[in-house]
Amino acid sequence: MAGKQVKKFEFVVVGGGIAGVTCVEQVASRFPSADVALITAGLQIKAVTNYKQVSKTLEEFDVEERPSGVLEERFPNLTVIHSAVKSLHTHSHCVETADGRVFGYKKLCLCSGARPKLLTQDDPRVLGIRDTDSAQEFQKRLSKAKRIVVVGNGGIGLELVYEVEGCEVIWAVKDKAIGNAFFDAGAAQFLIPALEADKPQAAAPCRRLCYTTEEPGPGAAQTFTAGGTSRGRSSGSVEPGSALGPDWHRGVELRGAERVSRRVSVEYQCEVEKIFSSEELLRSPQRPLNAESEGSWPVYIQLTNGKAVGCDFVVSATGVVPNTEPFLRGNSFAVADDGGLQVDDHMRTSEPDVYAAGDVCTACWEHSPLWQQMRLWTQARQMGWHAGRCVAADVLSEPIELDFCFELFSHVTKFFNHKVVLLGRFNAQGLGSDHELLVRCTKGREYVKVVLSRGRMVGAVLIGETDLEETFENLMLNRMDLTAYGEELLNPDVDIEDYFD
Ligand SMILES: Cc1cc2nc3c(=O)[nH]c(=O)nc-3n(C[C@H](O)[C@H](O)[C@H](O)COP(=O)(O)OP(=O)(O)OC[C@H]3O[C@@H](n4cnc5c(N)ncnc54)[C@H](O)[C@@H]3O)c2cc1C
Ligand SMILES: *[C@@H]1O[C@H](CO)[C@@H](O)[C@H](O)[C@H]1NC(C)=O
């Protein structure tokens with residue numbers, strides 16, 4: 001970097017999200033007298049609070065935005081630099097920021113996260129939700145909206161359709177069932193009544209050992225209305241935004257312009273073909289869903305199932321793209337199919353002295369048969385933590401093993417106001433036909449699904465207060481042969497723990 005003053009640091013971490021902050025905390029506490037820099041585009045950083053280890057692999061915590069000063073207070077030799085990295089020069093070991101400064105590093109960890117994949121770029125009619133700012137923008141526009149279209153079947157789509165009140169939601173999902181990334185059709189079926197009702201329904205036990213769910217075909221639509229024709233906010237509903245997760249929940253009420261509680265229609269197995277204005281619609285042969293509203297919506301979307309629907313705006317929640325661009329130019333990073341920087345079990349990228357963690361990276365080590373990567377808070381924290389330890393171990397030439405948390409995938413969350421625990425290959429990911437499912441379901445109360453492969457439990461979905469997570473986690477981690485137990489495994493009258501104590 002000829003002609004530019006270079007400030008040199010021993011360690012540089014890029015990104016003030018969960019992964020970057022956790023990584024920099026690790027490094028700074030391990031090397032208190034080293035010069036460490038955290039370079040981040042935003043003013044705030046994300047902090048993990050109320051961390052709780054629930055079981056061997058399950059963890060729960062909150063995510064809060066904080067001013068970066070709190071980090072610098074804790075670590076006097078840490079400098080937080082608020083500017084986006086615009087280029088990386090791995091040969092000369094330095095990064096350049098948008099404000100023209102150049103910073104050298106000995107070890108670098110990239111934690112720049114991911115951004116939402118948008119249906120269209122720079123289209124004001126399409127909103128992506130990524131951070132507090134875009135969540136606030138969403139809330140503002142929702143308050144004047146009568147109908148929105150949500151596109152995408154991942155966690156954000158799920159949370160959105162459940163939380164939005166006072167506005168009709170048309171939810172376009174490309175799969176046969178809602179929440180495809182987290183659930184199978186059976187679990188989706190279990191959750192659907194929560195879209196219709198505010199209050200938990202009377203529990204009627206039912207037990208199924210195989211799936212007989214009729215899946216809606218292409219072009220099928222289902223409509224769910226909370227509280228029927230109830231006016232205003234019904235007393236049984238959840239607090240505003242509570243299930244939306246740490247990024248959103250504080251002070252974000254997701255309320256539209258209408259006096260209805262919830263009204264969601266799901267369009268299955270379809271994607272967005274085209275977005276157009278009402279003028280364009282008048283010139284096109286397509287007929288919108290509601291003939292009476294023809295020409296009166298600000299925006300229309302054409303779905304691949306042949307329907308055209310009008311709305312106030314579109315929310316695009318169709319997955320994320322890792323933020324890698326500024327780093328790729330001039331370097332030769334190995335990039336995975338999903339766009340992430342490939343990392344090995346030491347969180348090392350293919351460039352020397354450059355590590356990566358969180359949403360920006362793709363875990364390319366040989367995974368434990370019970371683990372998979374999902375771009376979630378928990379994994380951002382675990383990867384940031386592991387990356388920090390690996391950087392330290394490499395500097396000190398100490399050996400280090402892959403952390404235990406990568407043995408078993410585990411995630412606890414809330415969908416539609418139900419507690420949801422996902423363990424291992426909860427959707428039989430990568431197992432082909434080499435597996436068997438056991439299901440127990442009590443309508444409105446709990447849904448338990450176990451994935452068995454060659455007599456061993458390899459995954460589970462637990463919805464509701466099942467209290468089974470620790471037992472199942474142990475059964476999976478111990479690779480216990482369960483052939484002898486068969487269906488008894490899910491017999492609600494048998495305390496499984498008694499078997500294995
Ligand atoms: C709306 C929404 C809801 C979600 N809900 C959940 C949930 O309920 N549960 C869950 O587990 N996960 C959820 N997720 C996913 C979760 O937020 C991510 O997996 C996690 O935040 C990833 O952390 P990270 O540190 O890798 O990246 P991020 O948190 O995205 O942080 C990236 C950081 O890098 C900075 N940055 C980016 N580019 C540059 C650059 N060029 N130079 C400098 N700095 C840069 C950014 O400013 C930011 O500080 C949700 C995501 C979204 C968008
Ligand atoms: C910061 O680094 C200096 C040396 O560079 C060291 O003397 C000092 O103790 C460090 N501060 C803390 C809080 O460790």
# chains A, B, ... in the order shown; residues from 1 in each chain; ligands from 1
$ residues_around --residues "A:Ile400" --least-positions-apart "3" --cutoff "10 Å" --atoms "only C-alpha atoms" --output "PyMOL selection string"
chain A and resi 345-346+386+389-390+392-394+397+403
$ residues_around --residues "A:Asn474" --least-positions-apart "3" --cutoff "12 Å" --atoms "only C-alpha atoms" --output "ChimeraX atom specification"
/A:55-58,407-408,423-424,456-459,468-471,477-480,496-497,500-501
$ write_last_selection --atoms "N, CA, C and O atoms" --output "short mmCIF file (atom, residue, chain, number, x, y, z; two decimals), in the first residue's frame"
data_model
loop_
_atom_site.label_atom_id
_atom_site.label_comp_id
_atom_site.auth_asym_id
_atom_site.auth_seq_id
_atom_site.Cartn_x
_atom_site.Cartn_y
_atom_site.Cartn_z
N SER A 55 -27.98 -27.75 28.26
CA SER A 55 -27.56 -29.15 28.40
C SER A 55 -26.19 -29.25 27.76
O SER A 55 -25.55 -28.23 27.51
N LYS A 56 -25.73 -30.47 27.47
CA LYS A 56 -24.36 -30.61 26.95
C LYS A 56 -24.14 -29.75 25.71
O LYS A 56 -23.10 -29.13 25.55
N THR A 57 -25.11 -29.71 24.81
CA THR A 57 -24.90 -28.93 23.59
C THR A 57 -25.91 -27.80 23.41
O THR A 57 -25.66 -26.90 22.62
N LEU A 58 -27.03 -27.85 24.12
CA LEU A 58 -28.03 -26.79 23.93
C LEU A 58 -27.66 -25.54 24.71
O LEU A 58 -27.30 -25.63 25.88
N GLU A 407 -20.21 -31.50 17.69
CA GLU A 407 -20.55 -32.93 17.68
C GLU A 407 -22.01 -33.15 17.29
O GLU A 407 -22.35 -34.10 16.60
N LEU A 408 -22.87 -32.29 17.84
CA LEU A 408 -24.32 -32.50 17.68
C LEU A 408 -24.97 -31.16 17.37
O LEU A 408 -24.81 -30.19 18.12
N LEU A 423 -32.62 -31.25 17.11
CA LEU A 423 -31.39 -31.96 17.46
C LEU A 423 -30.91 -32.79 16.28
O LEU A 423 -31.71 -33.44 15.59
N GLY A 424 -29.60 -32.81 16.08
CA GLY A 424 -28.98 -33.70 15.09
C GLY A 424 -29.54 -33.50 13.69
O GLY A 424 -29.84 -32.39 13.27
N ARG A 456 -30.19 -46.44 15.64
CA ARG A 456 -29.69 -45.36 16.51
C ARG A 456 -30.43 -44.06 16.25
O ARG A 456 -30.80 -43.77 15.11
N MET A 457 -30.61 -43.30 17.33
CA MET A 457 -31.28 -42.02 17.17
C MET A 457 -30.29 -41.02 16.59
O MET A 457 -29.21 -40.82 17.13
N VAL A 458 -30.67 -40.41 15.48
CA VAL A 458 -29.75 -39.45 14.85
C VAL A 458 -30.34 -38.04 14.75
O VAL A 458 -29.65 -37.11 14.36
N GLY A 459 -31.62 -37.92 15.09
CA GLY A 459 -32.20 -36.58 15.03
C GLY A 459 -33.54 -36.53 15.73
O GLY A 459 -34.17 -37.57 15.96
N LEU A 468 -37.89 -33.65 26.78
CA LEU A 468 -37.16 -34.82 26.31
C LEU A 468 -35.76 -34.48 25.81
O LEU A 468 -34.98 -35.38 25.48
N GLU A 469 -35.43 -33.18 25.72
CA GLU A 469 -34.22 -32.82 25.00
C GLU A 469 -32.94 -33.42 25.57
O GLU A 469 -32.08 -33.90 24.84
N GLU A 470 -32.82 -33.42 26.92
CA GLU A 470 -31.57 -33.93 27.48
C GLU A 470 -31.41 -35.42 27.27
O GLU A 470 -30.34 -35.91 26.94
N THR A 471 -32.52 -36.17 27.48
CA THR A 471 -32.47 -37.61 27.29
C THR A 471 -32.10 -37.94 25.85
O THR A 471 -31.23 -38.78 25.60
N LEU A 477 -25.69 -38.70 21.49
CA LEU A 477 -24.25 -38.59 21.70
C LEU A 477 -23.62 -39.94 22.03
O LEU A 477 -22.50 -40.23 21.64
N ASN A 478 -24.37 -40.80 22.75
CA ASN A 478 -23.84 -42.12 23.10
C ASN A 478 -23.97 -43.14 21.99
O ASN A 478 -23.53 -44.28 22.16
N ARG A 479 -24.63 -42.73 20.88
CA ARG A 479 -24.84 -43.66 19.76
C ARG A 479 -25.42 -44.99 20.24
O ARG A 479 -25.03 -46.06 19.80
N MET A 480 -26.34 -44.89 21.17
CA MET A 480 -26.93 -46.08 21.80
C MET A 480 -27.81 -46.86 20.82
O MET A 480 -28.60 -46.26 20.10
N ILE A 496 -38.88 -42.46 29.66
CA ILE A 496 -37.73 -43.01 28.95
C ILE A 496 -36.46 -42.96 29.79
O ILE A 496 -35.64 -43.86 29.75
N GLU A 497 -36.38 -41.91 30.58
CA GLU A 497 -35.16 -41.77 31.38
C GLU A 497 -34.93 -42.98 32.27
O GLU A 497 -33.79 -43.37 32.51
N PHE A 500 -32.74 -45.65 30.83
CA PHE A 500 -31.33 -45.41 30.55
C PHE A 500 -30.53 -44.91 31.74
O PHE A 500 -29.37 -44.60 31.62
N ASP A 501 -31.16 -44.81 32.89
CA ASP A 501 -30.42 -44.32 34.05
C ASP A 501 -29.50 -45.39 34.60
O ASP A 501 -29.75 -46.57 34.45
#
$ closest_residue --among "A:Leu195, A:Cys361, A:Cys109, A:Ala188" --to "ligand 1" --atoms "only C-alpha atoms and all ligand atoms"
A:Cys361
$ residues_around --residues "A:Phe61" --least-positions-apart "4" --cutoff "9 Å" --atoms "only C-alpha atoms" --output "list in words"
Val48, Thr49, Asn50, Tyr51, Lys52, Gln53 and Thr378 of chain A
$ select_by_dssp --residues "stretch 92-155 of chain A" --states "alpha helix (DSSP H)" --output "PyMOL selection string"
chain A and resi 132-142+155
$ atom_distance --atom1 "atom 29 (O, counted along the ligand's line) of ligand 1" --atom2 "atom CA of A:Ala34"
25.1 Å
$ residues_around --residues "stretch 269-277 of chain A" --least-positions-apart "5" --cutoff "8 Å" --atoms "only C-alpha atoms" --output "PyMOL selection string"
chain A and resi 119+151+172-176+217-219+298-305
$ residues_around --residues "A:Gly464" --least-positions-apart "5" --cutoff "9 Å" --atoms "only C-alpha atoms" --output "compact mmCIF listing (two decimals) with C-alpha atoms, in the first residue's frame"
# COMPACT_ATOMS: atom_id res chain seq x y z
CA HIS A 418 -44.34 -22.99 20.77
CA LYS A 419 -40.95 -23.96 22.12
CA VAL A 420 -39.02 -25.79 19.40
CA VAL A 421 -35.91 -27.91 19.94
CA GLY A 444 -52.03 -28.01 20.20
CA ARG A 445 -49.67 -29.29 22.88
CA GLU A 446 -46.70 -31.25 21.65
CA TYR A 447 -45.12 -32.79 18.60
CA VAL A 448 -42.25 -35.24 18.99
$ residues_near_ligand --ligand "ligand 1" --cutoff "7 Å" --atoms "only C-alpha atoms and all ligand atoms" --output "ChimeraX atom specification"
/A:14-20,39-42,45,83-86,111-116,129-131,155-156,244-247,323,326,357-360,375-378,380,413
$ closest_atom_pairs --of "chain A" --to "ligand 2" --cutoff "9 Å" --atoms "only C-alpha atoms and all ligand atoms" --output "Markdown table"
| residue | atom | partner | partner_atom_place_in_ligand_line | distance |
| --- | --- | --- | --- | --- |
| A:Ala28 | CA | ligand 2 | 14 (O) | 8.9 |
| A:Ser29 | CA | ligand 2 | 14 (O) | 8.5 |
| A:Phe31 | CA | ligand 2 | 14 (O) | 7.9 |
| A:Pro32 | CA | ligand 2 | 14 (O) | 4.2 |
| A:Ser33 | CA | ligand 2 | 2 (O) | 3.4 |
| A:Ala34 | CA | ligand 2 | 5 (O) | 5.9 |
| A:Asp35 | CA | ligand 2 | 5 (O) | 6.9 |
| A:Arg74 | CA | ligand 2 | 13 (C) | 8.2 |
| A:Phe75 | CA | ligand 2 | 13 (C) | 6.3 |
| A:Pro76 | CA | ligand 2 | 13 (C) | 5.3 |
| A:Asn77 | CA | ligand 2 | 1 (C) | 4.9 |
| A:Leu78 | CA | ligand 2 | 1 (C) | 8.6 |
$ write_last_selection --atoms "C-alpha atoms" --output "PDB file, in the first residue's frame"
ATOM      1  CA  ALA A  28      -8.261  -9.961  23.589  1.00  0.00           C
ATOM      2  CA  SER A  29      -8.661 -11.849  26.853  1.00  0.00           C
ATOM      3  CA  PHE A  31      -3.518 -11.697  24.761  1.00  0.00           C
ATOM      4  CA  PRO A  32      -4.279  -8.667  26.966  1.00  0.00           C
ATOM      5  CA  SER A  33      -1.194  -6.741  25.923  1.00  0.00           C
ATOM      6  CA  ALA A  34      -1.493  -7.363  22.203  1.00  0.00           C
ATOM      7  CA  ASP A  35      -2.788  -4.661  19.881  1.00  0.00           C
ATOM      8  CA  ARG A  74     -13.261  -4.181  29.056  1.00  0.00           C
ATOM      9  CA  PHE A  75     -10.189  -4.547  26.858  1.00  0.00           C
ATOM     10  CA  PRO A  76      -8.019  -1.406  27.011  1.00  0.00           C
ATOM     11  CA  ASN A  77      -5.721  -2.638  24.224  1.00  0.00           C
ATOM     12  CA  LEU A  78      -8.604  -3.194  21.850  1.00  0.00           C
TER      13      LEU A  78
END
$ decode --residues "stretch 298-320 of chain A" --atoms "N, CA, C and O atoms" --output "PDB file, in the first residue's frame"
ATOM      1  N   PRO A 298     -50.519  -0.826  -4.819  1.00  0.00           N
ATOM      2  CA  PRO A 298     -49.286  -0.207  -5.330  1.00  0.00           C
ATOM      3  C   PRO A 298     -48.420  -1.191  -6.137  1.00  0.00           C
ATOM      4  O   PRO A 298     -47.681  -0.777  -7.007  1.00  0.00           O
ATOM      5  N   VAL A 299     -48.485  -2.463  -5.767  1.00  0.00           N
ATOM      6  CA  VAL A 299     -47.612  -3.424  -6.447  1.00  0.00           C
ATOM      7  C   VAL A 299     -48.325  -4.769  -6.587  1.00  0.00           C
ATOM      8  O   VAL A 299     -49.162  -5.140  -5.753  1.00  0.00           O
ATOM      9  N   TYR A 300     -48.004  -5.451  -7.651  1.00  0.00           N
ATOM     10  CA  TYR A 300     -48.585  -6.779  -7.900  1.00  0.00           C
ATOM     11  C   TYR A 300     -47.469  -7.782  -8.090  1.00  0.00           C
ATOM     12  O   TYR A 300     -46.400  -7.437  -8.596  1.00  0.00           O
ATOM     13  N   ILE A 301     -47.715  -9.017  -7.648  1.00  0.00           N
ATOM     14  CA  ILE A 301     -46.743 -10.035  -8.006  1.00  0.00           C
ATOM     15  C   ILE A 301     -47.402 -11.201  -8.712  1.00  0.00           C
ATOM     16  O   ILE A 301     -48.513 -11.616  -8.399  1.00  0.00           O
ATOM     17  N   GLN A 302     -46.647 -11.657  -9.679  1.00  0.00           N
ATOM     18  CA  GLN A 302     -47.069 -12.811 -10.449  1.00  0.00           C
ATOM     19  C   GLN A 302     -46.359 -14.015  -9.864  1.00  0.00           C
ATOM     20  O   GLN A 302     -45.131 -14.044  -9.778  1.00  0.00           O
ATOM     21  N   LEU A 303     -47.147 -15.003  -9.417  1.00  0.00           N
ATOM     22  CA  LEU A 303     -46.539 -16.211  -8.853  1.00  0.00           C
ATOM     23  C   LEU A 303     -46.446 -17.282  -9.924  1.00  0.00           C
ATOM     24  O   LEU A 303     -47.205 -17.289 -10.891  1.00  0.00           O
ATOM     25  N   THR A 304     -45.513 -18.217  -9.695  1.00  0.00           N
ATOM     26  CA  THR A 304     -45.320 -19.271 -10.707  1.00  0.00           C
ATOM     27  C   THR A 304     -46.502 -20.241 -10.741  1.00  0.00           C
ATOM     28  O   THR A 304     -46.592 -21.059 -11.650  1.00  0.00           O
ATOM     29  N   ASN A 305     -47.426 -20.153  -9.765  1.00  0.00           N
ATOM     30  CA  ASN A 305     -48.612 -21.019  -9.834  1.00  0.00           C
ATOM     31  C   ASN A 305     -49.730 -20.371 -10.655  1.00  0.00           C
ATOM     32  O   ASN A 305     -50.863 -20.839 -10.643  1.00  0.00           O
ATOM     33  N   GLY A 306     -49.413 -19.253 -11.312  1.00  0.00           N
ATOM     34  CA  GLY A 306     -50.382 -18.642 -12.215  1.00  0.00           C
ATOM     35  C   GLY A 306     -51.184 -17.521 -11.591  1.00  0.00           C
ATOM     36  O   GLY A 306     -51.857 -16.779 -12.288  1.00  0.00           O
ATOM     37  N   LYS A 307     -51.116 -17.385 -10.245  1.00  0.00           N
ATOM     38  CA  LYS A 307     -51.899 -16.338  -9.614  1.00  0.00           C
ATOM     39  C   LYS A 307     -51.148 -15.012  -9.637  1.00  0.00           C
ATOM     40  O   LYS A 307     -49.928 -14.981  -9.528  1.00  0.00           O
ATOM     41  N   ALA A 308     -51.891 -13.937  -9.730  1.00  0.00           N
ATOM     42  CA  ALA A 308     -51.307 -12.608  -9.570  1.00  0.00           C
ATOM     43  C   ALA A 308     -51.970 -11.994  -8.347  1.00  0.00           C
ATOM     44  O   ALA A 308     -53.173 -12.118  -8.159  1.00  0.00           O
ATOM     45  N   VAL A 309     -51.185 -11.385  -7.476  1.00  0.00           N
ATOM     46  CA  VAL A 309     -51.777 -10.820  -6.275  1.00  0.00           C
ATOM     47  C   VAL A 309     -51.228  -9.426  -5.993  1.00  0.00           C
ATOM     48  O   VAL A 309     -50.054  -9.146  -6.189  1.00  0.00           O
ATOM     49  N   GLY A 310     -52.151  -8.560  -5.573  1.00  0.00           N
ATOM     50  CA  GLY A 310     -51.775  -7.186  -5.289  1.00  0.00           C
ATOM     51  C   GLY A 310     -51.485  -6.996  -3.810  1.00  0.00           C
ATOM     52  O   GLY A 310     -52.013  -7.711  -2.966  1.00  0.00           O
ATOM     53  N   CYS A 311     -50.620  -6.032  -3.485  1.00  0.00           N
ATOM     54  CA  CYS A 311     -50.309  -5.787  -2.077  1.00  0.00           C
ATOM     55  C   CYS A 311     -49.677  -4.404  -1.936  1.00  0.00           C
ATOM     56  O   CYS A 311     -49.416  -3.724  -2.929  1.00  0.00           O
ATOM     57  N   ASP A 312     -49.440  -4.012  -0.678  1.00  0.00           N
ATOM     58  CA  ASP A 312     -48.787  -2.737  -0.447  1.00  0.00           C
ATOM     59  C   ASP A 312     -47.285  -2.827  -0.681  1.00  0.00           C
ATOM     60  O   ASP A 312     -46.677  -1.928  -1.207  1.00  0.00           O
ATOM     61  N   PHE A 313     -46.684  -3.910  -0.201  1.00  0.00           N
ATOM     62  CA  PHE A 313     -45.270  -4.144  -0.501  1.00  0.00           C
ATOM     63  C   PHE A 313     -44.940  -5.628  -0.283  1.00  0.00           C
ATOM     64  O   PHE A 313     -45.754  -6.381   0.252  1.00  0.00           O
ATOM     65  N   VAL A 314     -43.758  -5.997  -0.723  1.00  0.00           N
ATOM     66  CA  VAL A 314     -43.336  -7.395  -0.675  1.00  0.00           C
ATOM     67  C   VAL A 314     -42.181  -7.524   0.311  1.00  0.00           C
ATOM     68  O   VAL A 314     -41.283  -6.680   0.327  1.00  0.00           O
ATOM     69  N   VAL A 315     -42.223  -8.535   1.174  1.00  0.00           N
ATOM     70  CA  VAL A 315     -41.083  -8.803   2.045  1.00  0.00           C
ATOM     71  C   VAL A 315     -40.354 -10.028   1.511  1.00  0.00           C
ATOM     72  O   VAL A 315     -40.940 -11.087   1.324  1.00  0.00           O
ATOM     73  N   SER A 316     -39.094  -9.837   1.254  1.00  0.00           N
ATOM     74  CA  SER A 316     -38.286 -10.900   0.693  1.00  0.00           C
ATOM     75  C   SER A 316     -37.496 -11.558   1.820  1.00  0.00           C
ATOM     76  O   SER A 316     -36.656 -10.930   2.456  1.00  0.00           O
ATOM     77  N   ALA A 317     -37.806 -12.809   2.093  1.00  0.00           N
ATOM     78  CA  ALA A 317     -37.100 -13.533   3.165  1.00  0.00           C
ATOM     79  C   ALA A 317     -36.673 -14.889   2.625  1.00  0.00           C
ATOM     80  O   ALA A 317     -37.054 -15.927   3.129  1.00  0.00           O
ATOM     81  N   THR A 318     -35.894 -14.826   1.557  1.00  0.00           N
ATOM     82  CA  THR A 318     -35.570 -16.063   0.836  1.00  0.00           C
ATOM     83  C   THR A 318     -34.140 -16.509   1.039  1.00  0.00           C
ATOM     84  O   THR A 318     -33.501 -16.990   0.119  1.00  0.00           O
ATOM     85  N   GLY A 319     -33.635 -16.347   2.237  1.00  0.00           N
ATOM     86  CA  GLY A 319     -32.291 -16.841   2.502  1.00  0.00           C
ATOM     87  C   GLY A 319     -31.244 -15.736   2.429  1.00  0.00           C
ATOM     88  O   GLY A 319     -31.574 -14.569   2.203  1.00  0.00           O
ATOM     89  N   VAL A 320     -30.013 -16.097   2.690  1.00  0.00           N
ATOM     90  CA  VAL A 320     -28.951 -15.097   2.793  1.00  0.00           C
ATOM     91  C   VAL A 320     -27.779 -15.401   1.859  1.00  0.00           C
ATOM     92  O   VAL A 320     -27.597 -16.527   1.414  1.00  0.00           O
TER      93      VAL A 320
END
